[in-house]
There are 2 protein chains.
Amino acid sequence: MLDDTRNPTLSFKDRASSLVALKALQLGIKEIVAASTGNAGSSIAGICSRLGLKSRIFVPKNIPEAKRIQIQSYGAEIYLVDGDYDLAFDTCLEISTAKKWYNRNTAYNPLTIEGKKSAAYDIFISTKGNMPDLIFVPTGDGVILSGLYKGLWELKELGWINKIPKLVAVQAEGGNAVVRYFQKKKFEYQPAKSVADSICAGAPRALYMAYEAIIKSNGNAVEITDEEIMEAQKFVAQNYGILLEPSSSSTFAAYKKLLHLNTIGNETAMLLFTGNGLKDTSALRTWNKNIEPVSPNLLKKELTAK
Amino acid sequence: MLDDTRNPTLSFKDRASSLVALKALQLGIKEIVAASTGNAGSSIAGICSRLGLKSRIFVPKNIPEAKRIQIQSYGAEIYLVDGDYDLAFDTCLEISTAKKWYNRNTAYNPLTIEGKKSAAYDIFISTKGNMPDLIFVPTGDGVILSGLYKGLWELKELGWINKIPKLVAVQAEGGNAVVRYFQKKKFEYQPAKSVADSICAGAPRALYMAYEAIIKSNGNAVEITDEEIMEAQKFVAQNYGILLEPSSSSTFAAYKKLLHLNTIGNETAMLLFTGNGLKDTSALRTWNKNIEPVSPNLLKKELTAK
């Protein structure tokens, strides 16, 4: 697994945000704007805070509370758009174009791909070149997938690896535009809705690039249900001690699904874990119910009687 | 600063829990029990999950929601004691003694001190031996302070450092037993209550050891208000991009207080950051209010008009 849940703002997005923010510094730009389901926004907000830049973040109205609080805490201007992520993206882009603000929107800003490709280098370093046969990638807009492919392609061009691992795009059933495009080679807009909010993109902004990454790596695209995602979240927490947000546990669910379908065989697989569980506790709340206080005496009686 | 907010379970406690859990494995013990305000509990629960051990965690009824959910998610048995941390501690100890369970309670299990002393080594390594003159330590039970002193004392015995940095115990006004003992050399029990829940101990379990660490290092003990803690939390998030839980930002508040009192002078200072902000969002909620969704059209009008 590549565990990016303990990056500075607790998500994979820091790879892209740090590059974008450094570019802004280089260009003398003082302000960065971004649309986000929550992770990209908290990432650029945190990194801007550290570097003395201002940030403006457009988020959909269903943003998980912890992500909203994280963005606000870092001192960003936050705009809660009355709609979904696709609408927040378009609204942000339109305003930033009119105002000539520097925009970090994923896929729109090419440095997001450049930043995310560093994951390929880290996989190369941490495996000492023994690359996995398959890499499972949580996929919303498709930028992690595209960036990863670019980094892997560079490693191959350099002659450091012999072949590019097969990239498996993982999506939720409720936000499966990449999977549908992979199957039918046709894009049809459908609003996205899933417990895995951070891979909910009805109109993936890097759709064609992500498709190319899947095809050229001889990869695959898999969709799983919200139930499978939450089951995987529970399994990973209770067996590996890693608390994931739903979008990240989707890779475990997809891996399990392909194992059951005998699609994997003897191949080695790597899962990307891209966001910390504490960034979105709503799914966790559904399988960890609130509990009532118990008096010490009752606890002593019950527990020592056993 | 020593930033322990991105440890495996996002708190400093992992230093102690990992050692306790490895000892349990060595002894063939299958089950670990602990009382906790939340961080030690989520820490041992997560590490037990990873190592295939069972955990039972006793927590006070005012535990922050995210910490409770984290403990439950890792698969621990959780007992919500109808009272404060001091009562949870005693209840846990009584039951574990009766049942002969292996107990990780802080200060009670000597390996908690041994685990925490590793912070002294990490400070030595990260500063390449250029130790700070002062180290600010969030202090509840006093075990981080005691462990840190032990590690520093060892470094001095080894001849690797010339003198031990002054240790500054930082407490909230509402949970200031160590500060009061430092001033009056007398312990009087007072229930603890503060926004910094994880340093709320009315009866610090390592009080005398912590006192010795302060005295022998020629240190100090400082109390700050909840308002100062939250101001510091905001300042650190908005200027350094680090989201802290209240107990951790207390060290920044205390540093600022001593600076204003001209107590520090030209001395160098290091602050311990021991818990991630997402582990307790209640304080963050007070200064990051909920916001209402705005229509894209209104946003465009408002933002492009400026």
# chains A, B, ... in the order shown; residues from 1 in each chain; ligands from 1
call {"tool": "closest_atom_pairs", "arguments": {"of": "range 54-96 of chain B", "to": "range 269-285 of chain B", "cutoff": "10 Å", "atoms": "only C-alpha atoms", "output": "Markdown table"}}
result
| residue | atom | partner | partner_atom | distance |
| --- | --- | --- | --- | --- |
| B:Ile63 | CA | B:Asp280 | CA | 8.9 |
| B:Pro64 | CA | B:Asp280 | CA | 5.5 |
| B:Glu65 | CA | B:Asp280 | CA | 7.1 |
| B:Ala66 | CA | B:Lys279 | CA | 5.3 |
| B:Lys67 | CA | B:Lys279 | CA | 5.6 |
| B:Arg68 | CA | B:Lys279 | CA | 9.2 |
| B:Ile69 | CA | B:Lys279 | CA | 9.6 |
| B:Gln70 | CA | B:Lys279 | CA | 8.4 |
call {"tool": "closest_atom_pairs", "arguments": {"of": "chain B", "to": "chain A", "cutoff": "7 Å", "atoms": "only C-alpha atoms", "output": "tab-separated table"}}
result
residue	atom	partner	partner_atom	distance
B:Arg6	CA	A:Arg6	CA	5.5
B:Gly46	CA	A:Gly241	CA	4.5
B:Ile47	CA	A:Gly241	CA	6.0
B:Ser49	CA	A:Gly241	CA	5.0
B:Arg50	CA	A:Tyr240	CA	4.3
B:Lys61	CA	A:Pro293	CA	6.0
B:Ala66	CA	A:Leu278	CA	6.9
B:Ile69	CA	A:Asn288	CA	6.3
B:Gln72	CA	A:Asn288	CA	6.2
B:Ser73	CA	A:Ala237	CA	6.1
B:Tyr74	CA	A:Gln238	CA	4.6
B:Gly75	CA	A:Gln238	CA	5.2
B:Leu80	CA	A:Pro293	CA	4.8
B:Val81	CA	A:Val294	CA	5.3
B:Asp82	CA	A:Pro293	CA	4.8
B:Thr91	CA	A:Pro296	CA	6.0
B:Ile95	CA	A:Lys300	CA	6.0
B:Ala98	CA	A:Thr304	CA	6.9
B:Lys99	CA	A:Thr304	CA	6.4
B:Lys234	CA	A:Ser73	CA	6.7
B:Ala237	CA	A:Tyr74	CA	5.0
B:Gln238	CA	A:Tyr74	CA	4.6
B:Asn239	CA	A:Ser49	CA	5.3
B:Tyr240	CA	A:Arg50	CA	4.3
B:Gly241	CA	A:Gly46	CA	4.5
B:Leu278	CA	A:Leu278	CA	6.1
B:Leu284	CA	A:Ile69	CA	7.0
B:Asn288	CA	A:Gln72	CA	6.2
B:Glu292	CA	A:Leu80	CA	6.8
B:Pro293	CA	A:Asp82	CA	4.8
B:Val294	CA	A:Asp82	CA	5.2
B:Ser295	CA	A:Asp82	CA	5.0
B:Pro296	CA	A:Thr91	CA	6.0
B:Lys300	CA	A:Ile95	CA	6.0
B:Thr304	CA	A:Lys99	CA	6.5
call {"tool": "write_last_selection", "arguments": {"atoms": "C-alpha atoms", "output": "short mmCIF file (atom, residue, chain, number, x, y, z; two decimals), in the first residue's frame"}}
result
data_model
loop_
_atom_site.label_atom_id
_atom_site.label_comp_id
_atom_site.auth_asym_id
_atom_site.auth_seq_id
_atom_site.Cartn_x
_atom_site.Cartn_y
_atom_site.Cartn_z
CA ARG B 6 1.03 12.59 12.22
CA GLY B 46 -5.04 1.09 16.60
CA ILE B 47 -1.76 -0.60 17.41
CA SER B 49 -5.59 -3.88 15.65
CA ARG B 50 -2.39 -3.89 13.61
CA LYS B 61 -18.19 10.48 29.29
CA ALA B 66 -13.80 11.81 16.88
CA ILE B 69 -15.21 6.91 16.89
CA GLN B 72 -14.47 2.01 18.14
CA SER B 73 -13.35 1.88 14.51
CA TYR B 74 -10.18 -0.02 15.38
CA GLY B 75 -12.41 -2.70 16.92
CA LEU B 80 -17.94 4.97 28.55
CA VAL B 81 -17.53 5.63 32.26
CA ASP B 82 -20.17 7.91 33.80
CA THR B 91 -12.35 1.96 37.43
CA ILE B 95 -11.20 -4.16 37.07
CA ALA B 98 -9.27 -8.23 39.52
CA LYS B 99 -9.23 -9.83 36.06
CA LYS B 234 -6.03 29.51 15.57
CA ALA B 237 -3.28 26.80 12.03
CA GLN B 238 -3.35 30.13 10.20
CA ASN B 239 0.38 30.85 10.27
CA TYR B 240 2.06 27.45 10.21
CA GLY B 241 -0.58 25.26 8.51
CA LEU B 278 -9.11 16.47 13.73
CA LEU B 284 -12.48 24.29 16.30
CA ASN B 288 -15.25 28.14 12.70
CA GLU B 292 -25.04 28.55 4.69
CA PRO B 293 -24.94 27.49 1.02
CA VAL B 294 -24.93 30.31 -1.55
CA SER B 295 -26.16 30.06 -5.14
CA PRO B 296 -23.50 30.19 -7.88
CA LYS B 300 -20.43 35.31 -9.20
CA THR B 304 -16.69 39.65 -9.59
#
call {"tool": "residues_around", "arguments": {"residues": "range 131-136 of chain B", "least_positions_apart": "2", "cutoff": "9 Å", "atoms": "only C-alpha atoms", "output": "PDB file with N, CA and C atoms, in the first residue's frame"}}
result
ATOM      1  N   MET B   1       9.944  22.812  16.869  1.00  0.00           N
ATOM      2  CA  MET B   1       8.802  22.021  17.346  1.00  0.00           C
ATOM      3  C   MET B   1       9.024  20.540  17.096  1.00  0.00           C
ATOM      4  N   ILE B 123      14.476  14.305  19.408  1.00  0.00           N
ATOM      5  CA  ILE B 123      14.884  15.717  19.457  1.00  0.00           C
ATOM      6  C   ILE B 123      16.395  15.810  19.240  1.00  0.00           C
ATOM      7  N   PHE B 124      17.128  14.916  19.868  1.00  0.00           N
ATOM      8  CA  PHE B 124      18.585  14.883  19.709  1.00  0.00           C
ATOM      9  C   PHE B 124      18.951  14.655  18.236  1.00  0.00           C
ATOM     10  N   THR B 127      17.789  17.682  15.867  1.00  0.00           N
ATOM     11  CA  THR B 127      18.562  18.925  16.043  1.00  0.00           C
ATOM     12  C   THR B 127      20.060  18.677  15.863  1.00  0.00           C
ATOM     13  N   LYS B 128      20.425  17.455  15.531  1.00  0.00           N
ATOM     14  CA  LYS B 128      21.846  17.069  15.406  1.00  0.00           C
ATOM     15  C   LYS B 128      22.633  17.455  16.657  1.00  0.00           C
ATOM     16  N   GLY B 129      21.987  17.287  17.784  1.00  0.00           N
ATOM     17  CA  GLY B 129      22.686  17.545  19.044  1.00  0.00           C
ATOM     18  C   GLY B 129      22.638  18.989  19.523  1.00  0.00           C
ATOM     19  N   PRO B 138       3.007  19.662  26.936  1.00  0.00           N
ATOM     20  CA  PRO B 138       1.621  19.618  27.415  1.00  0.00           C
ATOM     21  C   PRO B 138       1.542  18.604  28.553  1.00  0.00           C
ATOM     22  N   ILE B 161      25.080  14.958  25.380  1.00  0.00           N
ATOM     23  CA  ILE B 161      24.694  16.366  25.554  1.00  0.00           C
ATOM     24  C   ILE B 161      25.339  16.864  26.850  1.00  0.00           C
ATOM     25  N   LYS B 163      24.111  19.572  28.824  1.00  0.00           N
ATOM     26  CA  LYS B 163      23.128  19.842  29.886  1.00  0.00           C
ATOM     27  C   LYS B 163      21.713  19.503  29.417  1.00  0.00           C
ATOM     28  N   ILE B 164      20.871  19.262  30.376  1.00  0.00           N
ATOM     29  CA  ILE B 164      19.489  18.896  30.089  1.00  0.00           C
ATOM     30  C   ILE B 164      18.670  20.164  29.877  1.00  0.00           C
ATOM     31  N   PRO B 165      17.918  20.246  28.751  1.00  0.00           N
ATOM     32  CA  PRO B 165      17.077  21.430  28.539  1.00  0.00           C
ATOM     33  C   PRO B 165      16.097  21.621  29.702  1.00  0.00           C
ATOM     34  N   LYS B 166      15.747  22.868  29.945  1.00  0.00           N
ATOM     35  CA  LYS B 166      14.745  23.172  30.984  1.00  0.00           C
ATOM     36  C   LYS B 166      13.383  22.686  30.503  1.00  0.00           C
ATOM     37  N   LEU B 167      12.710  21.890  31.305  1.00  0.00           N
ATOM     38  CA  LEU B 167      11.394  21.390  30.901  1.00  0.00           C
ATOM     39  C   LEU B 167      10.297  22.266  31.488  1.00  0.00           C
ATOM     40  N   VAL B 168       9.425  22.755  30.610  1.00  0.00           N
ATOM     41  CA  VAL B 168       8.328  23.616  31.053  1.00  0.00           C
ATOM     42  C   VAL B 168       7.011  22.834  30.962  1.00  0.00           C
ATOM     43  N   ALA B 169       6.438  22.522  32.108  1.00  0.00           N
ATOM     44  CA  ALA B 169       5.141  21.842  32.138  1.00  0.00           C
ATOM     45  C   ALA B 169       4.057  22.856  31.806  1.00  0.00           C
ATOM     46  N   VAL B 170       3.209  22.520  30.821  1.00  0.00           N
ATOM     47  CA  VAL B 170       2.131  23.431  30.437  1.00  0.00           C
ATOM     48  C   VAL B 170       0.787  22.803  30.787  1.00  0.00           C
ATOM     49  N   GLY B 219      13.488  23.755  35.372  1.00  0.00           N
ATOM     50  CA  GLY B 219      12.394  24.173  34.503  1.00  0.00           C
ATOM     51  C   GLY B 219      11.344  25.019  35.176  1.00  0.00           C
ATOM     52  N   THR B 251       1.042  24.552  24.344  1.00  0.00           N
ATOM     53  CA  THR B 251       2.480  24.841  24.449  1.00  0.00           C
ATOM     54  C   THR B 251       2.817  26.163  23.755  1.00  0.00           C
ATOM     55  N   PHE B 252       2.103  26.433  22.649  1.00  0.00           N
ATOM     56  CA  PHE B 252       2.336  27.702  21.960  1.00  0.00           C
ATOM     57  C   PHE B 252       1.855  28.868  22.828  1.00  0.00           C
ATOM     58  N   ALA B 254       1.649  28.953  26.057  1.00  0.00           N
ATOM     59  CA  ALA B 254       2.550  29.126  27.203  1.00  0.00           C
ATOM     60  C   ALA B 254       3.853  29.798  26.773  1.00  0.00           C
ATOM     61  N   TYR B 255       4.340  29.427  25.609  1.00  0.00           N
ATOM     62  CA  TYR B 255       5.561  30.039  25.068  1.00  0.00           C
ATOM     63  C   TYR B 255       5.344  31.544  24.909  1.00  0.00           C
ATOM     64  N   ILE B 264      11.982  34.331  28.955  1.00  0.00           N
ATOM     65  CA  ILE B 264      12.769  33.485  28.052  1.00  0.00           C
ATOM     66  C   ILE B 264      14.079  34.142  27.612  1.00  0.00           C
ATOM     67  N   GLU B 267      17.061  32.558  25.112  1.00  0.00           N
ATOM     68  CA  GLU B 267      17.077  31.098  25.075  1.00  0.00           C
ATOM     69  C   GLU B 267      16.273  30.563  23.881  1.00  0.00           C
ATOM     70  N   THR B 268      16.704  29.424  23.341  1.00  0.00           N
ATOM     71  CA  THR B 268      15.945  28.772  22.270  1.00  0.00           C
ATOM     72  C   THR B 268      14.906  27.851  22.905  1.00  0.00           C
ATOM     73  N   ALA B 269      13.762  27.746  22.220  1.00  0.00           N
ATOM     74  CA  ALA B 269      12.669  26.960  22.792  1.00  0.00           C
ATOM     75  C   ALA B 269      12.126  25.972  21.775  1.00  0.00           C
ATOM     76  N   MET B 270      11.707  24.811  22.243  1.00  0.00           N
ATOM     77  CA  MET B 270      11.044  23.824  21.390  1.00  0.00           C
ATOM     78  C   MET B 270       9.669  23.517  21.982  1.00  0.00           C
ATOM     79  N   LEU B 271       8.660  23.428  21.102  1.00  0.00           N
ATOM     80  CA  LEU B 271       7.307  23.120  21.565  1.00  0.00           C
ATOM     81  C   LEU B 271       6.934  21.702  21.138  1.00  0.00           C
ATOM     82  N   LEU B 272       6.326  20.932  22.034  1.00  0.00           N
ATOM     83  CA  LEU B 272       5.819  19.617  21.643  1.00  0.00           C
ATOM     84  C   LEU B 272       4.396  19.763  21.138  1.00  0.00           C
TER      85      LEU B 272
END
call {"tool": "select_by_dssp", "arguments": {"residues": "range 103-287 of chain A", "states": "strand (DSSP E or B)", "output": "PyMOL selection string"}}
result
chain A and resi 103+134-138+166-172+175+220-224+244+269-273+275-276
call {"tool": "residues_around", "arguments": {"residues": "Pro246 in chain B", "least_positions_apart": "2", "cutoff": "8 Å", "atoms": "only C-alpha atoms", "output": "list of chain:residue names"}}
result
B:Val195, B:Ala196, B:Asp197, B:Ile229, B:Met230, B:Gln233, B:Leu244, B:Ser248, B:Ser249, B:Ser250, B:Gly277, B:Ala283
call {"tool": "write_last_selection", "arguments": {"atoms": "C-alpha atoms", "output": "PDB file, in the first residue's frame"}}
result
ATOM      1  CA  VAL B 195     -11.219  22.722  26.445  1.00  0.00           C
ATOM      2  CA  ALA B 196      -7.904  20.830  26.350  1.00  0.00           C
ATOM      3  CA  ASP B 197      -9.509  17.533  27.327  1.00  0.00           C
ATOM      4  CA  ILE B 229      -5.357  27.870  24.156  1.00  0.00           C
ATOM      5  CA  MET B 230      -7.930  28.485  21.410  1.00  0.00           C
ATOM      6  CA  GLN B 233      -4.795  26.938  18.074  1.00  0.00           C
ATOM      7  CA  LEU B 244      -3.543  21.009  16.576  1.00  0.00           C
ATOM      8  CA  SER B 248      -1.063  20.739  21.877  1.00  0.00           C
ATOM      9  CA  SER B 249      -1.654  24.397  21.147  1.00  0.00           C
ATOM     10  CA  SER B 250      -1.305  24.989  24.900  1.00  0.00           C
ATOM     11  CA  GLY B 277      -6.717  18.860  15.445  1.00  0.00           C
ATOM     12  CA  ALA B 283     -12.937  23.773  20.045  1.00  0.00           C
TER      13      ALA B 283
END
call {"tool": "atom_distance", "arguments": {"atom1": "CA of Gly174 in chain A", "atom2": "CA of Lys193 in chain A"}}
result
5.0 Å
call {"tool": "select_by_dssp", "arguments": {"residues": "range 144-251 of chain B", "states": "alpha helix (DSSP H)", "output": "count of residues only"}}
result
53
call {"tool": "decode", "arguments": {"residues": "range 116-233 of chain A", "atoms": "C-alpha atoms", "output": "PDB file, in the first residue's frame"}}
result
ATOM      1  CA  LYS A 116       0.704  13.782  -8.243  1.00  0.00           C
ATOM      2  CA  LYS A 117       3.190  11.939 -10.425  1.00  0.00           C
ATOM      3  CA  SER A 118       5.595  12.019  -7.470  1.00  0.00           C
ATOM      4  CA  ALA A 119       3.613   9.063  -6.117  1.00  0.00           C
ATOM      5  CA  ALA A 120       5.123   6.943  -8.912  1.00  0.00           C
ATOM      6  CA  TYR A 121       8.617   7.903  -7.766  1.00  0.00           C
ATOM      7  CA  ASP A 122       7.758   7.110  -4.142  1.00  0.00           C
ATOM      8  CA  ILE A 123       6.426   3.693  -5.139  1.00  0.00           C
ATOM      9  CA  PHE A 124       9.654   3.077  -7.065  1.00  0.00           C
ATOM     10  CA  ILE A 125      11.772   4.141  -4.074  1.00  0.00           C
ATOM     11  CA  SER A 126       9.802   2.280  -1.408  1.00  0.00           C
ATOM     12  CA  THR A 127       9.695  -0.972  -3.409  1.00  0.00           C
ATOM     13  CA  LYS A 128      13.347  -0.559  -4.440  1.00  0.00           C
ATOM     14  CA  GLY A 129      12.257  -0.967  -8.020  1.00  0.00           C
ATOM     15  CA  ASN A 130      10.261  -4.155  -7.435  1.00  0.00           C
ATOM     16  CA  MET A 131       7.123  -2.570  -8.799  1.00  0.00           C
ATOM     17  CA  PRO A 132       3.724  -4.192  -8.198  1.00  0.00           C
ATOM     18  CA  ASP A 133       1.882  -5.719 -11.157  1.00  0.00           C
ATOM     19  CA  LEU A 134      -1.299  -3.793 -10.348  1.00  0.00           C
ATOM     20  CA  ILE A 135      -1.978  -0.431  -8.666  1.00  0.00           C
ATOM     21  CA  PHE A 136      -5.491   0.345  -7.406  1.00  0.00           C
ATOM     22  CA  VAL A 137      -6.323   4.055  -7.606  1.00  0.00           C
ATOM     23  CA  PRO A 138      -9.353   5.841  -6.065  1.00  0.00           C
ATOM     24  CA  THR A 139     -10.780   7.763  -9.025  1.00  0.00           C
ATOM     25  CA  GLY A 140     -12.966  10.853  -9.126  1.00  0.00           C
ATOM     26  CA  ASP A 141     -11.692  13.402 -11.638  1.00  0.00           C
ATOM     27  CA  GLY A 142      -9.020  10.943 -12.737  1.00  0.00           C
ATOM     28  CA  VAL A 143      -6.044  13.161 -11.945  1.00  0.00           C
ATOM     29  CA  ILE A 144      -4.284  10.817  -9.516  1.00  0.00           C
ATOM     30  CA  LEU A 145      -4.575   8.095 -12.151  1.00  0.00           C
ATOM     31  CA  SER A 146      -3.245  10.367 -14.906  1.00  0.00           C
ATOM     32  CA  GLY A 147      -0.427  11.741 -12.770  1.00  0.00           C
ATOM     33  CA  LEU A 148       0.594   8.281 -11.625  1.00  0.00           C
ATOM     34  CA  TYR A 149       0.704   7.089 -15.225  1.00  0.00           C
ATOM     35  CA  LYS A 150       2.870  10.023 -16.236  1.00  0.00           C
ATOM     36  CA  GLY A 151       5.362   9.282 -13.444  1.00  0.00           C
ATOM     37  CA  LEU A 152       5.445   5.583 -14.316  1.00  0.00           C
ATOM     38  CA  TRP A 153       5.901   6.379 -18.004  1.00  0.00           C
ATOM     39  CA  GLU A 154       8.878   8.585 -17.110  1.00  0.00           C
ATOM     40  CA  LEU A 155      10.425   5.787 -15.040  1.00  0.00           C
ATOM     41  CA  LYS A 156      10.078   3.473 -18.037  1.00  0.00           C
ATOM     42  CA  GLU A 157      11.542   6.044 -20.437  1.00  0.00           C
ATOM     43  CA  LEU A 158      14.498   6.381 -18.052  1.00  0.00           C
ATOM     44  CA  GLY A 159      14.952   2.623 -18.244  1.00  0.00           C
ATOM     45  CA  TRP A 160      14.493   2.262 -14.496  1.00  0.00           C
ATOM     46  CA  ILE A 161      11.495  -0.070 -14.828  1.00  0.00           C
ATOM     47  CA  ASN A 162      10.730  -2.616 -17.554  1.00  0.00           C
ATOM     48  CA  LYS A 163       6.998  -2.284 -17.678  1.00  0.00           C
ATOM     49  CA  ILE A 164       4.299  -0.006 -16.342  1.00  0.00           C
ATOM     50  CA  PRO A 165       2.055  -1.571 -13.694  1.00  0.00           C
ATOM     51  CA  LYS A 166      -1.571  -2.075 -14.694  1.00  0.00           C
ATOM     52  CA  LEU A 167      -3.594   0.832 -13.311  1.00  0.00           C
ATOM     53  CA  VAL A 168      -7.005  -0.038 -11.886  1.00  0.00           C
ATOM     54  CA  ALA A 169      -9.406   2.899 -11.629  1.00  0.00           C
ATOM     55  CA  VAL A 170     -11.707   2.410  -8.641  1.00  0.00           C
ATOM     56  CA  GLN A 171     -15.023   4.237  -8.473  1.00  0.00           C
ATOM     57  CA  ALA A 172     -18.216   4.124  -6.441  1.00  0.00           C
ATOM     58  CA  GLU A 173     -21.332   2.866  -8.219  1.00  0.00           C
ATOM     59  CA  GLY A 174     -22.897   6.267  -7.557  1.00  0.00           C
ATOM     60  CA  GLY A 175     -20.069   8.104  -9.329  1.00  0.00           C
ATOM     61  CA  ASN A 176     -18.842   5.805 -12.079  1.00  0.00           C
ATOM     62  CA  ALA A 177     -18.267   8.017 -15.132  1.00  0.00           C
ATOM     63  CA  VAL A 178     -14.762   6.643 -15.740  1.00  0.00           C
ATOM     64  CA  VAL A 179     -15.965   3.032 -15.464  1.00  0.00           C
ATOM     65  CA  ARG A 180     -18.802   3.737 -17.893  1.00  0.00           C
ATOM     66  CA  TYR A 181     -16.448   5.432 -20.317  1.00  0.00           C
ATOM     67  CA  PHE A 182     -14.040   2.492 -20.085  1.00  0.00           C
ATOM     68  CA  GLN A 183     -16.866   0.087 -20.910  1.00  0.00           C
ATOM     69  CA  LYS A 184     -18.751   2.062 -23.575  1.00  0.00           C
ATOM     70  CA  LYS A 185     -16.272   4.685 -24.750  1.00  0.00           C
ATOM     71  CA  LYS A 186     -19.047   7.220 -24.319  1.00  0.00           C
ATOM     72  CA  PHE A 187     -19.447  10.000 -21.761  1.00  0.00           C
ATOM     73  CA  GLU A 188     -22.900  10.706 -20.389  1.00  0.00           C
ATOM     74  CA  TYR A 189     -23.246  13.147 -17.528  1.00  0.00           C
ATOM     75  CA  GLN A 190     -24.862  11.733 -14.408  1.00  0.00           C
ATOM     76  CA  PRO A 191     -24.814  13.542 -11.048  1.00  0.00           C
ATOM     77  CA  ALA A 192     -22.543  11.651  -8.622  1.00  0.00           C
ATOM     78  CA  LYS A 193     -23.598  10.564  -5.153  1.00  0.00           C
ATOM     79  CA  SER A 194     -21.795   8.160  -2.838  1.00  0.00           C
ATOM     80  CA  VAL A 195     -20.568   7.755   0.735  1.00  0.00           C
ATOM     81  CA  ALA A 196     -17.095   8.233  -0.815  1.00  0.00           C
ATOM     82  CA  ASP A 197     -17.603  11.979  -1.302  1.00  0.00           C
ATOM     83  CA  SER A 198     -14.069  12.723  -2.427  1.00  0.00           C
ATOM     84  CA  ILE A 199     -14.345  10.562  -5.559  1.00  0.00           C
ATOM     85  CA  CYS A 200     -17.790  11.952  -6.434  1.00  0.00           C
ATOM     86  CA  ALA A 201     -17.364  13.654  -9.817  1.00  0.00           C
ATOM     87  CA  GLY A 202     -20.185  13.481 -12.339  1.00  0.00           C
ATOM     88  CA  ALA A 203     -17.995  15.101 -14.994  1.00  0.00           C
ATOM     89  CA  PRO A 204     -14.439  13.855 -14.351  1.00  0.00           C
ATOM     90  CA  ARG A 205     -12.118  16.642 -15.456  1.00  0.00           C
ATOM     91  CA  ALA A 206      -9.337  14.290 -16.570  1.00  0.00           C
ATOM     92  CA  LEU A 207     -11.627  11.648 -18.103  1.00  0.00           C
ATOM     93  CA  TYR A 208      -9.792  11.166 -21.411  1.00  0.00           C
ATOM     94  CA  MET A 209      -6.362  11.255 -19.843  1.00  0.00           C
ATOM     95  CA  ALA A 210      -7.446   8.759 -17.188  1.00  0.00           C
ATOM     96  CA  TYR A 211      -8.912   6.498 -19.869  1.00  0.00           C
ATOM     97  CA  GLU A 212      -5.629   6.615 -21.757  1.00  0.00           C
ATOM     98  CA  ALA A 213      -3.726   5.701 -18.581  1.00  0.00           C
ATOM     99  CA  ILE A 214      -5.942   2.651 -18.078  1.00  0.00           C
ATOM    100  CA  ILE A 215      -5.667   1.516 -21.716  1.00  0.00           C
ATOM    101  CA  LYS A 216      -1.946   2.127 -22.119  1.00  0.00           C
ATOM    102  CA  SER A 217      -1.125   0.364 -18.843  1.00  0.00           C
ATOM    103  CA  ASN A 218      -3.369  -2.560 -19.825  1.00  0.00           C
ATOM    104  CA  GLY A 219      -5.386  -1.765 -16.720  1.00  0.00           C
ATOM    105  CA  ASN A 220      -9.006  -1.930 -15.635  1.00  0.00           C
ATOM    106  CA  ALA A 221     -11.862   0.120 -14.191  1.00  0.00           C
ATOM    107  CA  VAL A 222     -13.952  -1.236 -11.335  1.00  0.00           C
ATOM    108  CA  GLU A 223     -17.003   0.039  -9.508  1.00  0.00           C
ATOM    109  CA  ILE A 224     -18.086  -1.012  -6.013  1.00  0.00           C
ATOM    110  CA  THR A 225     -21.102  -0.276  -3.853  1.00  0.00           C
ATOM    111  CA  ASP A 226     -21.215   2.033  -0.835  1.00  0.00           C
ATOM    112  CA  GLU A 227     -21.792  -1.056   1.323  1.00  0.00           C
ATOM    113  CA  GLU A 228     -18.606  -2.671   0.006  1.00  0.00           C
ATOM    114  CA  ILE A 229     -16.724   0.575   0.658  1.00  0.00           C
ATOM    115  CA  MET A 230     -17.851   0.742   4.296  1.00  0.00           C
ATOM    116  CA  GLU A 231     -17.164  -2.954   4.842  1.00  0.00           C
ATOM    117  CA  ALA A 232     -13.644  -2.383   3.538  1.00  0.00           C
ATOM    118  CA  GLN A 233     -13.249   0.673   5.771  1.00  0.00           C
TER     119      GLN A 233
END
